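run_11.cif, holding mmCIF, N, CA and C atoms:
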data_run
loop_
_atom_site.label_atom_id
_atom_site.label_comp_id
_atom_site.auth_asym_id
_atom_site.auth_seq_id
_atom_site.Cartn_x
_atom_site.Cartn_y
_atom_site.Cartn_z
N MET H 221 -66.22 50.96 107.68
CA MET H 221 -65.51 49.74 107.32
C MET H 221 -63.99 49.90 107.43
N PRO H 222 -63.41 51.02 106.98
CA PRO H 222 -61.96 51.17 107.10
C PRO H 222 -61.49 51.07 108.55
N ASN H 223 -62.29 51.60 109.51
CA ASN H 223 -61.90 51.51 110.92
C ASN H 223 -61.85 50.07 111.39
N LEU H 224 -62.85 49.26 111.01
CA LEU H 224 -62.87 47.86 111.40
C LEU H 224 -61.67 47.13 110.82
N LEU H 225 -61.35 47.40 109.58
CA LEU H 225 -60.19 46.78 108.95
C LEU H 225 -58.91 47.17 109.68
N ALA H 226 -58.78 48.43 110.02
CA ALA H 226 -57.59 48.90 110.73
C ALA H 226 -57.49 48.25 112.10
N GLN H 227 -58.62 48.11 112.81
CA GLN H 227 -58.60 47.48 114.13
C GLN H 227 -58.21 46.01 114.03
N THR H 228 -58.75 45.33 113.05
CA THR H 228 -58.42 43.92 112.86
C THR H 228 -56.95 43.76 112.53
N ARG H 229 -56.45 44.59 111.63
CA ARG H 229 -55.04 44.53 111.26
C ARG H 229 -54.17 44.80 112.47
N ARG H 230 -54.58 45.76 113.29
CA ARG H 230 -53.81 46.13 114.48
C ARG H 230 -53.71 44.93 115.43
N ARG H 231 -54.83 44.23 115.65
CA ARG H 231 -54.80 43.07 116.55
C ARG H 231 -53.90 41.97 116.01
N VAL H 232 -53.94 41.75 114.73
CA VAL H 232 -53.12 40.71 114.14
C VAL H 232 -51.64 41.06 114.24
N VAL H 233 -51.29 42.29 113.98
CA VAL H 233 -49.90 42.72 114.03
C VAL H 233 -49.38 42.76 115.45
N GLN H 234 -50.23 43.08 116.42
CA GLN H 234 -49.79 43.24 117.80
C GLN H 234 -49.32 41.94 118.43
N SER H 235 -49.92 40.83 118.09
CA SER H 235 -49.61 39.59 118.78
C SER H 235 -49.33 38.46 117.82
N ALA H 236 -48.47 37.58 118.27
CA ALA H 236 -48.20 36.35 117.53
C ALA H 236 -48.25 35.22 118.54
N VAL H 237 -48.79 34.09 118.15
CA VAL H 237 -48.88 32.96 119.06
C VAL H 237 -47.49 32.36 119.23
N MET H 238 -47.09 32.24 120.48
CA MET H 238 -45.78 31.69 120.81
C MET H 238 -45.98 30.25 121.28
N GLU H 239 -44.89 29.54 121.52
CA GLU H 239 -44.98 28.17 122.03
C GLU H 239 -45.77 28.17 123.32
N GLY H 240 -46.58 27.12 123.52
CA GLY H 240 -47.37 27.02 124.73
C GLY H 240 -48.64 27.86 124.69
N GLY H 241 -48.96 28.43 123.54
CA GLY H 241 -50.19 29.20 123.42
C GLY H 241 -50.12 30.61 123.99
N GLN H 242 -48.96 31.04 124.46
CA GLN H 242 -48.83 32.38 125.00
C GLN H 242 -48.71 33.38 123.85
N THR H 243 -49.11 34.58 124.12
CA THR H 243 -48.95 35.62 123.10
C THR H 243 -47.95 36.64 123.59
N GLU H 244 -47.28 37.24 122.66
CA GLU H 244 -46.31 38.28 122.99
C GLU H 244 -46.44 39.40 121.97
N PRO H 245 -46.37 40.64 122.44
CA PRO H 245 -46.50 41.76 121.51
C PRO H 245 -45.42 41.75 120.43
N LEU H 246 -45.83 42.12 119.23
CA LEU H 246 -44.90 42.21 118.11
C LEU H 246 -44.95 43.63 117.55
N ARG H 247 -44.49 44.58 118.32
CA ARG H 247 -44.51 45.95 117.84
C ARG H 247 -43.30 46.68 118.39
N GLU H 248 -43.03 47.80 117.76
CA GLU H 248 -41.88 48.60 118.18
C GLU H 248 -42.11 49.16 119.57
N PRO H 249 -41.03 49.40 120.30
CA PRO H 249 -41.18 50.01 121.62
C PRO H 249 -41.81 51.39 121.49
N PRO H 250 -42.59 51.81 122.48
CA PRO H 250 -43.26 53.10 122.40
C PRO H 250 -42.32 54.29 122.54
N VAL H 251 -41.20 54.09 123.24
CA VAL H 251 -40.24 55.18 123.43
C VAL H 251 -39.22 55.08 122.31
N ARG H 252 -39.24 56.06 121.42
CA ARG H 252 -38.37 56.04 120.25
C ARG H 252 -37.06 56.77 120.49
N GLY H 253 -36.98 57.54 121.58
CA GLY H 253 -35.74 58.23 121.90
C GLY H 253 -35.97 59.39 122.85
N THR H 254 -34.88 59.83 123.46
CA THR H 254 -34.91 61.03 124.30
C THR H 254 -33.73 61.90 123.92
N GLU H 255 -33.92 63.19 124.08
CA GLU H 255 -32.87 64.13 123.68
C GLU H 255 -33.00 65.39 124.54
N THR H 256 -31.87 65.83 125.07
CA THR H 256 -31.86 67.08 125.82
C THR H 256 -31.61 68.23 124.85
N ARG H 257 -32.51 69.19 124.86
CA ARG H 257 -32.39 70.36 123.98
C ARG H 257 -32.64 71.61 124.80
N ALA H 258 -32.30 72.75 124.22
CA ALA H 258 -32.60 74.02 124.88
C ALA H 258 -34.11 74.11 125.05
N GLY H 259 -34.56 74.32 126.24
CA GLY H 259 -36.00 74.41 126.49
C GLY H 259 -36.58 73.16 127.11
N GLY H 260 -35.81 72.07 127.17
CA GLY H 260 -36.33 70.87 127.82
C GLY H 260 -35.79 69.58 127.26
N VAL H 261 -36.27 68.51 127.85
CA VAL H 261 -35.93 67.16 127.39
C VAL H 261 -37.07 66.71 126.47
N VAL H 262 -36.72 66.25 125.28
CA VAL H 262 -37.71 65.75 124.33
C VAL H 262 -37.76 64.24 124.44
N VAL H 263 -38.95 63.71 124.72
CA VAL H 263 -39.18 62.27 124.75
C VAL H 263 -40.04 61.96 123.54
N ARG H 264 -39.49 61.17 122.62
CA ARG H 264 -40.19 60.86 121.36
C ARG H 264 -40.90 59.53 121.51
N LEU H 265 -42.23 59.56 121.37
CA LEU H 265 -43.05 58.36 121.48
C LEU H 265 -43.62 57.99 120.12
N GLY H 266 -44.02 56.73 119.97
CA GLY H 266 -44.59 56.31 118.71
C GLY H 266 -45.42 55.06 118.84
N GLY H 267 -46.18 54.77 117.80
CA GLY H 267 -47.01 53.57 117.77
C GLY H 267 -48.25 53.73 118.62
N GLU H 268 -48.63 52.64 119.26
CA GLU H 268 -49.81 52.63 120.11
C GLU H 268 -49.37 52.69 121.57
N LEU H 269 -49.91 53.63 122.31
CA LEU H 269 -49.61 53.78 123.73
C LEU H 269 -50.81 53.23 124.49
N ASP H 270 -50.58 52.12 125.19
CA ASP H 270 -51.70 51.46 125.84
C ASP H 270 -51.25 50.68 127.08
N LEU H 271 -52.16 49.92 127.62
CA LEU H 271 -51.93 49.12 128.82
C LEU H 271 -50.68 48.26 128.71
N TYR H 272 -50.40 47.75 127.53
CA TYR H 272 -49.31 46.80 127.35
C TYR H 272 -47.93 47.43 127.36
N ASN H 273 -47.84 48.72 127.09
CA ASN H 273 -46.51 49.34 127.08
C ASN H 273 -46.44 50.63 127.91
N ALA H 274 -47.47 50.88 128.69
CA ALA H 274 -47.51 52.10 129.50
C ALA H 274 -46.33 52.17 130.47
N GLU H 275 -45.89 51.02 130.96
CA GLU H 275 -44.78 51.01 131.91
C GLU H 275 -43.49 51.53 131.27
N GLU H 276 -43.28 51.21 129.99
CA GLU H 276 -42.10 51.71 129.29
C GLU H 276 -42.14 53.24 129.18
N VAL H 277 -43.31 53.77 128.89
CA VAL H 277 -43.48 55.22 128.80
C VAL H 277 -43.26 55.84 130.18
N ARG H 278 -43.87 55.23 131.19
CA ARG H 278 -43.71 55.72 132.56
C ARG H 278 -42.23 55.76 132.95
N ASN H 279 -41.50 54.69 132.64
CA ASN H 279 -40.07 54.63 132.98
C ASN H 279 -39.27 55.72 132.29
N ALA H 280 -39.55 55.97 131.02
CA ALA H 280 -38.82 57.01 130.28
C ALA H 280 -39.09 58.39 130.88
N LEU H 281 -40.34 58.66 131.21
CA LEU H 281 -40.68 59.96 131.79
C LEU H 281 -40.09 60.11 133.19
N THR H 282 -40.13 59.04 133.97
CA THR H 282 -39.55 59.06 135.32
C THR H 282 -38.05 59.28 135.25
N MET H 283 -37.38 58.63 134.31
CA MET H 283 -35.93 58.83 134.16
C MET H 283 -35.61 60.28 133.83
N ALA H 284 -36.40 60.88 132.96
CA ALA H 284 -36.17 62.29 132.61
C ALA H 284 -36.38 63.19 133.82
N ILE H 285 -37.43 62.91 134.58
CA ILE H 285 -37.72 63.71 135.77
C ILE H 285 -36.63 63.52 136.81
N ASP H 286 -36.27 62.26 137.08
CA ASP H 286 -35.23 61.96 138.06
C ASP H 286 -33.87 62.50 137.62
N GLY H 287 -33.69 62.65 136.31
CA GLY H 287 -32.44 63.20 135.78
C GLY H 287 -32.36 64.72 135.87
N GLY H 288 -33.39 65.33 136.42
CA GLY H 288 -33.34 66.77 136.64
C GLY H 288 -34.09 67.62 135.62
N ALA H 289 -34.80 66.98 134.70
CA ALA H 289 -35.55 67.76 133.70
C ALA H 289 -36.60 68.61 134.41
N GLU H 290 -36.63 69.87 134.05
CA GLU H 290 -37.66 70.77 134.58
C GLU H 290 -38.84 70.86 133.63
N ARG H 291 -38.58 70.51 132.37
CA ARG H 291 -39.60 70.57 131.33
C ARG H 291 -39.41 69.38 130.40
N ILE H 292 -40.49 68.67 130.11
CA ILE H 292 -40.44 67.54 129.18
C ILE H 292 -41.41 67.83 128.05
N VAL H 293 -40.88 67.78 126.84
CA VAL H 293 -41.70 67.91 125.64
C VAL H 293 -41.89 66.50 125.10
N ILE H 294 -43.13 66.05 125.04
CA ILE H 294 -43.43 64.72 124.53
C ILE H 294 -43.80 64.84 123.06
N ASP H 295 -42.92 64.33 122.21
CA ASP H 295 -43.13 64.35 120.76
C ASP H 295 -44.06 63.20 120.42
N MET H 296 -45.28 63.53 120.01
CA MET H 296 -46.29 62.52 119.71
C MET H 296 -46.54 62.37 118.21
N SER H 297 -45.61 62.83 117.40
CA SER H 297 -45.81 62.83 115.95
C SER H 297 -45.96 61.43 115.37
N GLU H 298 -45.41 60.42 116.03
CA GLU H 298 -45.51 59.05 115.53
C GLU H 298 -46.51 58.21 116.30
N VAL H 299 -47.25 58.82 117.23
CA VAL H 299 -48.24 58.09 118.02
C VAL H 299 -49.51 57.90 117.20
N GLU H 300 -49.96 56.65 117.13
CA GLU H 300 -51.14 56.31 116.34
C GLU H 300 -52.39 56.12 117.19
N PHE H 301 -52.20 55.78 118.47
CA PHE H 301 -53.33 55.47 119.35
C PHE H 301 -52.91 55.68 120.79
N VAL H 302 -53.83 56.19 121.61
CA VAL H 302 -53.57 56.39 123.04
C VAL H 302 -54.78 55.89 123.81
N ASP H 303 -54.56 55.00 124.80
CA ASP H 303 -55.69 54.57 125.62
C ASP H 303 -55.65 55.26 126.98
N SER H 304 -56.62 54.94 127.82
CA SER H 304 -56.75 55.63 129.11
C SER H 304 -55.57 55.34 130.03
N THR H 305 -54.97 54.17 129.92
CA THR H 305 -53.81 53.86 130.75
C THR H 305 -52.66 54.80 130.41
N ALA H 306 -52.42 55.00 129.13
CA ALA H 306 -51.34 55.90 128.70
C ALA H 306 -51.64 57.34 129.09
N LEU H 307 -52.90 57.74 129.00
CA LEU H 307 -53.27 59.09 129.44
C LEU H 307 -52.98 59.25 130.93
N GLY H 308 -53.25 58.19 131.69
CA GLY H 308 -52.95 58.21 133.12
C GLY H 308 -51.47 58.39 133.40
N VAL H 309 -50.63 57.78 132.57
CA VAL H 309 -49.17 57.93 132.72
C VAL H 309 -48.77 59.39 132.51
N LEU H 310 -49.37 60.05 131.53
CA LEU H 310 -49.07 61.47 131.29
C LEU H 310 -49.48 62.33 132.49
N ILE H 311 -50.65 62.04 133.04
CA ILE H 311 -51.12 62.78 134.21
C ILE H 311 -50.20 62.54 135.40
N GLU H 312 -49.80 61.30 135.58
CA GLU H 312 -48.89 60.95 136.67
C GLU H 312 -47.56 61.71 136.55
N ALA H 313 -47.03 61.76 135.34
CA ALA H 313 -45.76 62.48 135.11
C ALA H 313 -45.94 63.97 135.40
N ARG H 314 -47.06 64.51 134.99
CA ARG H 314 -47.34 65.94 135.26
C ARG H 314 -47.37 66.21 136.76
N SER H 315 -47.95 65.30 137.52
CA SER H 315 -48.02 65.52 138.96
C SER H 315 -46.64 65.41 139.61
N LYS H 316 -45.75 64.61 139.02
CA LYS H 316 -44.39 64.48 139.56
C LYS H 316 -43.53 65.70 139.26
N ILE H 317 -43.63 66.20 138.04
CA ILE H 317 -42.72 67.27 137.61
C ILE H 317 -43.29 68.66 137.90
N GLY H 318 -44.59 68.76 138.04
CA GLY H 318 -45.20 70.06 138.28
C GLY H 318 -46.11 70.47 137.14
N ARG H 319 -46.94 71.42 137.42
CA ARG H 319 -48.00 71.83 136.51
C ARG H 319 -47.53 72.17 135.10
N ASP H 320 -46.45 72.91 134.97
CA ASP H 320 -45.98 73.34 133.65
C ASP H 320 -44.86 72.47 133.10
N GLY H 321 -44.62 71.33 133.71
CA GLY H 321 -43.48 70.51 133.35
C GLY H 321 -43.64 69.60 132.16
N ILE H 322 -44.87 69.30 131.77
CA ILE H 322 -45.11 68.40 130.64
C ILE H 322 -45.82 69.17 129.53
N VAL H 323 -45.28 69.08 128.32
CA VAL H 323 -45.86 69.73 127.15
C VAL H 323 -45.93 68.68 126.04
N LEU H 324 -47.04 68.62 125.34
CA LEU H 324 -47.20 67.67 124.24
C LEU H 324 -46.98 68.39 122.91
N ALA H 325 -46.45 67.65 121.94
CA ALA H 325 -46.16 68.27 120.65
C ALA H 325 -46.48 67.33 119.49
N ALA H 326 -46.95 67.92 118.41
CA ALA H 326 -47.11 67.26 117.11
C ALA H 326 -48.05 66.06 117.14
N ALA H 327 -49.11 66.13 117.94
CA ALA H 327 -50.07 65.03 117.99
C ALA H 327 -50.84 64.94 116.67
N GLN H 328 -51.00 63.72 116.17
CA GLN H 328 -51.79 63.50 114.97
C GLN H 328 -53.26 63.73 115.28
N VAL H 329 -54.09 63.79 114.26
CA VAL H 329 -55.50 64.12 114.41
C VAL H 329 -56.21 63.21 115.41
N GLU H 330 -56.07 61.90 115.27
CA GLU H 330 -56.76 60.97 116.17
C GLU H 330 -56.27 61.10 117.60
N THR H 331 -54.98 61.28 117.78
CA THR H 331 -54.42 61.44 119.12
C THR H 331 -54.90 62.75 119.73
N ARG H 332 -54.89 63.79 118.95
CA ARG H 332 -55.36 65.10 119.43
C ARG H 332 -56.83 65.01 119.83
N ARG H 333 -57.60 64.28 119.06
CA ARG H 333 -59.03 64.11 119.37
C ARG H 333 -59.20 63.38 120.71
N THR H 334 -58.40 62.35 120.93
CA THR H 334 -58.45 61.63 122.21
C THR H 334 -58.13 62.56 123.36
N LEU H 335 -57.12 63.41 123.18
CA LEU H 335 -56.75 64.37 124.22
C LEU H 335 -57.88 65.35 124.49
N GLU H 336 -58.57 65.77 123.44
CA GLU H 336 -59.68 66.71 123.59
C GLU H 336 -60.88 66.05 124.27
N VAL H 337 -61.25 64.85 123.82
CA VAL H 337 -62.39 64.15 124.38
C VAL H 337 -62.16 63.84 125.86
N SER H 338 -60.94 63.48 126.21
CA SER H 338 -60.62 63.16 127.61
C SER H 338 -60.49 64.42 128.47
N GLY H 339 -60.34 65.57 127.84
CA GLY H 339 -60.15 66.82 128.57
C GLY H 339 -58.70 67.06 128.96
N LEU H 340 -57.83 66.15 128.60
CA LEU H 340 -56.42 66.28 128.98
C LEU H 340 -55.75 67.48 128.31
N ASP H 341 -56.25 67.87 127.15
CA ASP H 341 -55.67 69.03 126.46
C ASP H 341 -55.86 70.33 127.25
N ARG H 342 -56.76 70.33 128.23
CA ARG H 342 -56.94 71.51 129.08
C ARG H 342 -55.92 71.54 130.21
N HIS H 343 -55.23 70.44 130.42
CA HIS H 343 -54.25 70.34 131.50
C HIS H 343 -52.81 70.22 131.01
N LEU H 344 -52.67 69.72 129.79
CA LEU H 344 -51.35 69.59 129.17
C LEU H 344 -51.37 70.37 127.86
N PRO H 345 -50.55 71.41 127.74
CA PRO H 345 -50.53 72.16 126.48
C PRO H 345 -50.13 71.26 125.31
N VAL H 346 -50.80 71.45 124.18
CA VAL H 346 -50.50 70.69 122.97
C VAL H 346 -50.06 71.69 121.90
N HIS H 347 -48.82 71.54 121.43
CA HIS H 347 -48.26 72.43 120.42
C HIS H 347 -48.18 71.70 119.08
N ASP H 348 -48.14 72.48 118.00
CA ASP H 348 -48.12 71.90 116.66
C ASP H 348 -46.83 71.17 116.33
N SER H 349 -45.73 71.59 116.93
CA SER H 349 -44.44 70.95 116.64
C SER H 349 -43.57 70.95 117.90
N VAL H 350 -42.54 70.15 117.86
CA VAL H 350 -41.58 70.10 118.97
C VAL H 350 -40.90 71.45 119.12
N ASP H 351 -40.52 72.06 118.01
CA ASP H 351 -39.87 73.37 118.07
C ASP H 351 -40.77 74.42 118.71
N ASP H 352 -42.07 74.40 118.35
CA ASP H 352 -43.02 75.33 118.98
C ASP H 352 -43.10 75.09 120.48
N ALA H 353 -43.14 73.83 120.87
CA ALA H 353 -43.22 73.48 122.29
C ALA H 353 -41.98 73.92 123.04
N LEU H 354 -40.81 73.72 122.43
CA LEU H 354 -39.56 74.13 123.08
C LEU H 354 -39.49 75.65 123.19
N SER H 355 -39.92 76.35 122.16
CA SER H 355 -39.92 77.82 122.19
C SER H 355 -40.87 78.35 123.26
N ALA H 356 -42.02 77.71 123.37
CA ALA H 356 -43.02 78.14 124.35
C ALA H 356 -42.54 77.88 125.77
N SER H 357 -41.67 76.89 125.92
CA SER H 357 -41.22 76.52 127.27
C SER H 357 -40.04 77.36 127.73
N SER H 358 -39.44 78.12 126.83
CA SER H 358 -38.26 78.91 127.21
C SER H 358 -38.64 80.10 128.05
#
Let's see the structure in the file written out as structure tokens.
Amino acid sequence: MPNLLAQTRRRVVQSAVMEGGQTEPLREPPVRGTETRAGGVVVRLGGELDLYNAEEVRNALTMAIDGGAERIVIDMSEVEFVDSTALGVLIEARSKIGRDGIVLAAAQVETRRTLEVSGLDRHLPVHDSVDDALSASS
């Protein structure tokens, strides 16, 4: 029952009816910030990563890659949900930057489970914290 309640609440919060019957997302942007640190560029993501905002995530990762980042640490500490479209964006970024170029950090339990079920955790290292990921990438 708690899952159903959370899903219903999520749908209500995500959209609001606009004039003309159109809907528009009502949630924070998925990219919460980027920061260059020793060991790589940290891209901080949050909220729900899905079909509706995957392009924003793709753009942030592409900008980091095009900006010369050799290693990107994706801080997933604020990510609540990841769908297959968002997972595809991570795979796409990995193929652009190279095999060891993308590292995930601080994934919550549900997000980590999604990564495990999809098998993506076998292709993208998942570290307990951003600092651990940065240290491992040095």
Chain and number of each residue from the PyMOL selection byres (((chain H and resi 260-277 and name CA) around 7) and name CA), as a compact mmCIF listing (two decimals) with N, CA and C atoms, keeping the file's coordinate frame:
# COMPACT_ATOMS: atom_id res chain seq x y z
N PRO H 250 -42.59 51.81 122.48
CA PRO H 250 -43.26 53.10 122.40
C PRO H 250 -42.32 54.29 122.54
N VAL H 251 -41.20 54.09 123.24
CA VAL H 251 -40.24 55.18 123.43
C VAL H 251 -39.22 55.08 122.31
N ARG H 252 -39.24 56.06 121.42
CA ARG H 252 -38.37 56.04 120.25
C ARG H 252 -37.06 56.77 120.49
N GLY H 253 -36.98 57.54 121.58
CA GLY H 253 -35.74 58.23 121.90
C GLY H 253 -35.97 59.39 122.85
N THR H 254 -34.88 59.83 123.46
CA THR H 254 -34.91 61.03 124.30
C THR H 254 -33.73 61.90 123.92
N GLU H 255 -33.92 63.19 124.08
CA GLU H 255 -32.87 64.13 123.68
C GLU H 255 -33.00 65.39 124.54
N THR H 256 -31.87 65.83 125.07
CA THR H 256 -31.86 67.08 125.82
C THR H 256 -31.61 68.23 124.85
N ARG H 257 -32.51 69.19 124.86
CA ARG H 257 -32.39 70.36 123.98
C ARG H 257 -32.64 71.61 124.80
N ALA H 258 -32.30 72.75 124.22
CA ALA H 258 -32.60 74.02 124.88
C ALA H 258 -34.11 74.11 125.05
N GLY H 259 -34.56 74.32 126.24
CA GLY H 259 -36.00 74.41 126.49
C GLY H 259 -36.58 73.16 127.11
N ARG H 278 -43.87 55.23 131.19
CA ARG H 278 -43.71 55.72 132.56
C ARG H 278 -42.23 55.76 132.95
N ASN H 279 -41.50 54.69 132.64
CA ASN H 279 -40.07 54.63 132.98
C ASN H 279 -39.27 55.72 132.29
N ALA H 280 -39.55 55.97 131.02
CA ALA H 280 -38.82 57.01 130.28
C ALA H 280 -39.09 58.39 130.88
N LEU H 281 -40.34 58.66 131.21
CA LEU H 281 -40.68 59.96 131.79
C LEU H 281 -40.09 60.11 133.19
N ALA H 289 -34.80 66.98 134.70
CA ALA H 289 -35.55 67.76 133.70
C ALA H 289 -36.60 68.61 134.41
N GLU H 290 -36.63 69.87 134.05
CA GLU H 290 -37.66 70.77 134.58
C GLU H 290 -38.84 70.86 133.63
N ARG H 291 -38.58 70.51 132.37
CA ARG H 291 -39.60 70.57 131.33
C ARG H 291 -39.41 69.38 130.40
N ILE H 292 -40.49 68.67 130.11
CA ILE H 292 -40.44 67.54 129.18
C ILE H 292 -41.41 67.83 128.05
N VAL H 293 -40.88 67.78 126.84
CA VAL H 293 -41.70 67.91 125.64
C VAL H 293 -41.89 66.50 125.10
N ILE H 294 -43.13 66.05 125.04
CA ILE H 294 -43.43 64.72 124.53
C ILE H 294 -43.80 64.84 123.06
N ASP H 295 -42.92 64.33 122.21
CA ASP H 295 -43.13 64.35 120.76
C ASP H 295 -44.06 63.20 120.42
N MET H 296 -45.28 63.53 120.01
CA MET H 296 -46.29 62.52 119.71
C MET H 296 -46.54 62.37 118.21
N GLU H 298 -45.41 60.42 116.03
CA GLU H 298 -45.51 59.05 115.53
C GLU H 298 -46.51 58.21 116.30
N VAL H 299 -47.25 58.82 117.23
CA VAL H 299 -48.24 58.09 118.02
C VAL H 299 -49.51 57.90 117.20
N GLU H 300 -49.96 56.65 117.13
CA GLU H 300 -51.14 56.31 116.34
C GLU H 300 -52.39 56.12 117.19
N PHE H 301 -52.20 55.78 118.47
CA PHE H 301 -53.33 55.47 119.35
C PHE H 301 -52.91 55.68 120.79
N VAL H 302 -53.83 56.19 121.61
CA VAL H 302 -53.57 56.39 123.04
C VAL H 302 -54.78 55.89 123.81
N ASP H 303 -54.56 55.00 124.80
CA ASP H 303 -55.69 54.57 125.62
C ASP H 303 -55.65 55.26 126.98
N THR H 305 -54.97 54.17 129.92
CA THR H 305 -53.81 53.86 130.75
C THR H 305 -52.66 54.80 130.41
N ALA H 306 -52.42 55.00 129.13
CA ALA H 306 -51.34 55.90 128.70
C ALA H 306 -51.64 57.34 129.09
N VAL H 309 -50.63 57.78 132.57
CA VAL H 309 -49.17 57.93 132.72
C VAL H 309 -48.77 59.39 132.51
N LEU H 354 -40.81 73.72 122.43
CA LEU H 354 -39.56 74.13 123.08
C LEU H 354 -39.49 75.65 123.19
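Residues of segment 263-342 of chain H carrying a DSSP assignment of strand (DSSP E or B), computed from the backbone, are Val263, Arg264, Leu265, Gly266, Gly267, Glu268, Leu269, Ile292, Val293, Ile294, Asp295, Met296, Ser297, Glu298, Val299, Glu300, Phe301, Val302, Ile322, Val323, Leu324 and Ala325 of chain H.
Take atom CA of Asp320 of chain H and atom CA of Pro249 of chain H: the distance between them is 26.7 Å.
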(message) Which residues, named as in the file, does the PyMOL selection byres (((chain H and resi 325-327 and name CA) around 6) and name CA) pick out? Answer as a ChimeraX atom specification.
(response) /H:294-297,324,328,331-332,346-350
(request) Taking the DSSP assignment computed from this structure's backbone, write out as a PyMOL selection string all residues of chain H that belong to alpha helix (DSSP H). (result) chain H and resi 222-234+274-286+304-317+329-338+350-357
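Between atom N of Glu312 of chain H and atom N of Glu248 of chain H lies a distance of 23.4 Å.
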(request) Tell me, in Å to one decimal, how far atom CA of Leu344 of chain H is from atom C of Arg319 of chain H. (result) 7.5 Å
